[in-house]
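Here is the structure we will look at.
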Amino acid sequence: MRIRELLIVEGKYDAAKLANLVDGLILTTGGFSIYRDPEKRELIREMGKKRGIIILTDSDAAGFQLRHYIQNFAKGAKIKNAYIPAVEGKEKRKEKPSKEGTLGVEGLPAEVILTALRRAGATEEQPRTGRRLSYTDLYRLGISGTPGSAARRRELLSLIGLPLRLSKKALLETLDAGYTYEELEAICAQKPTLFWDFHGTLSLPADDWFDALWEYLPHERMFEEELRGRFHHVCMPWWTMPGEHTPTGRDWWRYVREGFTALLTGCGYSAEEVAGAVGRLRKTVSDPTRHRLYPDAIPTLAELQRRGYRHVLVSNNFPELWQVAEALGLAPYFSAHIVSAEVGWDKPSPEIFRLALEAAGNPAQAIMIGDNPTDDIEGAKRAGLRAILVHPRRQTTQAEASCEALSDLLELLR
């Protein structure tokens with residue numbers, strides 16, 4: 001993005017993050033040291049009058065304090081506010097989380113930051129085709145000045161990934177910069193909640209479990225293809241305990257380790273060889289660097305969130321999956337997650353879909369998006385959901401539609 005406005009962030013790590021995403025002038029406040037730096041304040045005032053200002057601070061109280069301070073001393077400049085959502089987490093370079101336990105600008109995925117800048121009006125990628133927003137529109141849409149508007153406003157801000165502590169003026173400015181009235185009206189209209197599978201849907205398909213063990217097994221004992229053939233539908237609860245309540249947490253890992261121990265022992269590996277491979281299994285499989293998202297995963301999630309769709313992750317997977325999803329940058333887009341090894345039910349069981357519906361607030365409509373015709377599509381249909389098959393390797397008549405790429409969903413869901 002090429003940005004004409006002066007872009008103001010808090011610290012050098014925020015500036016480094018932004019420098020990789022935008023072409024423009026970036027200044028830092030140095031935290032609260034700007035209070036003691038009259039030269040920098042004067043520079044911001046002068047540059048702001050010439051170019052305009054975009055303020056991009058963290059979503060915590062300190063970030064809002066700095067934002068208000070800049071707005072006060074830079075009066076006379078055209079100021080735009082870019083807001084990031086409050087996402088729980090900790091930056092890798094820090095020993096402990098911030099006081100409020102949320103990620104700052106430096107810790108968020110690129111698409112979240114770019115979305116915030118676009119919403120602030122940093123770029124106008126396409127000319128407006130609808131009218132601008134007014135305070136009357138916020139009243140008409142039930143998000144300001146009407147009974148229950150505070151709750152609806154919080155729900156809207158949470159849904160589209162904005163902080164909850166926006167003033168009425170900031171709310172109008174931010175929404176008007178990112179949406180026309182027609183777009184905001186469409187967002188406020190009721191939409192189905194989108195349930196997403198993880199492996200093979202958002203992430204590239206891979207033989208994670210086989211690869212994690214093969215890496216630490218002696219290769220002269222058995223040919224790779226022969227051992228790979230033994231791995232078909234074994235050891236994992238969603239294969240070995242279909243329709244049953246399954247172990248969770250540590251018990252889940254114990255069940256899986258026992259299954260792979262028996263399998264490898266039966267293949268002729270020694271007790272020491274088996275213990276060495278199986279003992280590393282948990283750490284290896286739950287390593288985020290071993291999982292890769294489809295290139296269009298985050299852009300698709302971000303655009304659908306911008307349109308007002310709520311996302312819920314529903315996955316047959318190990319207990320640490322959500323930590324992996326967070327490390328891959330998915331957290332800002334999901335309002336809830338249901339992982340089989342946490343809840344004790346696996347797809348295609350109706351129980352896991354029931355739990356997902358409860359976590360989503362029992363929406364009137366829900367659509368499951370997945371790549372597995374049995375677990376994702378047939379399971380969802382039996383639970384009363386609609387379903388879309390993505391990355392189809394084989395077709396199913398159960399799905400309402402299918403998409404070769406995740407980005408195809410943007411047109412399909414219009």
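In the structure tokens, each chain is lettered A, B, ... as it comes, each chain's residues begin at 1, and ligands are numbered from 1 in order of appearance.
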
Report as a compact mmCIF listing (two decimals) with C-alpha atoms, in the first residue's frame all protein, DNA and RNA residues lying within 12 Å of Asp207 (chain A), evaluated on only C-alpha atoms, omitting residues in the same chain fewer than 6 positions from it.
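Listed below is the output, out.txt:
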# COMPACT_ATOMS: atom_id res chain seq x y z
CA HIS A 199 -6.43 -29.50 8.11
CA GLY A 200 -6.83 -29.64 4.34
CA LEU A 213 7.20 -40.51 13.26
CA TRP A 214 9.15 -41.36 10.09
CA GLU A 215 11.53 -38.52 10.88
CA ARG A 228 2.80 -45.52 5.11
CA GLY A 229 0.30 -48.15 4.01
CA PHE A 231 -1.07 -45.81 8.70
CA HIS A 232 -4.43 -45.84 6.95
CA VAL A 285 2.97 -32.46 15.48
CA ARG A 290 5.11 -27.72 10.36
CA HIS A 291 1.72 -26.35 9.32

Residue contacts of region 353-365 of chain A (12 Å, only C-alpha atoms) excluding same-chain residues fewer than 3 positions away, as a PyMOL selection string = chain A and resi 155+159+190-197+309-316+334-340+342-350+368+375-387

Contacts of region 47-62 of chain A within 9 Å, only C-alpha atoms, excl. fewer than 6 positions in-chain, as a ChimeraX atom specification | /A:4-10,14,31-32,70-71,74,76-87,98-105,113,116-117,120-122,162-163,165

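Between CA of Tyr135 (chain A) and CA of Ala302 (chain A) there is a distance of 26.3 Å.
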
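Between CA of Leu263 (chain A) and CA of Leu227 (chain A) there is a distance of 9.8 Å.
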
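Picture a line from CA of Glu320 (chain A) to CA of Ala366 (chain A); it runs 25.2 Å.
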
Alpha helix (DSSP H) per DSSP on the backbone: members of region 17-141 of chain A, as a PyMOL selection string = chain A and resi 17-19+38-51+61-73+110-119+135-140
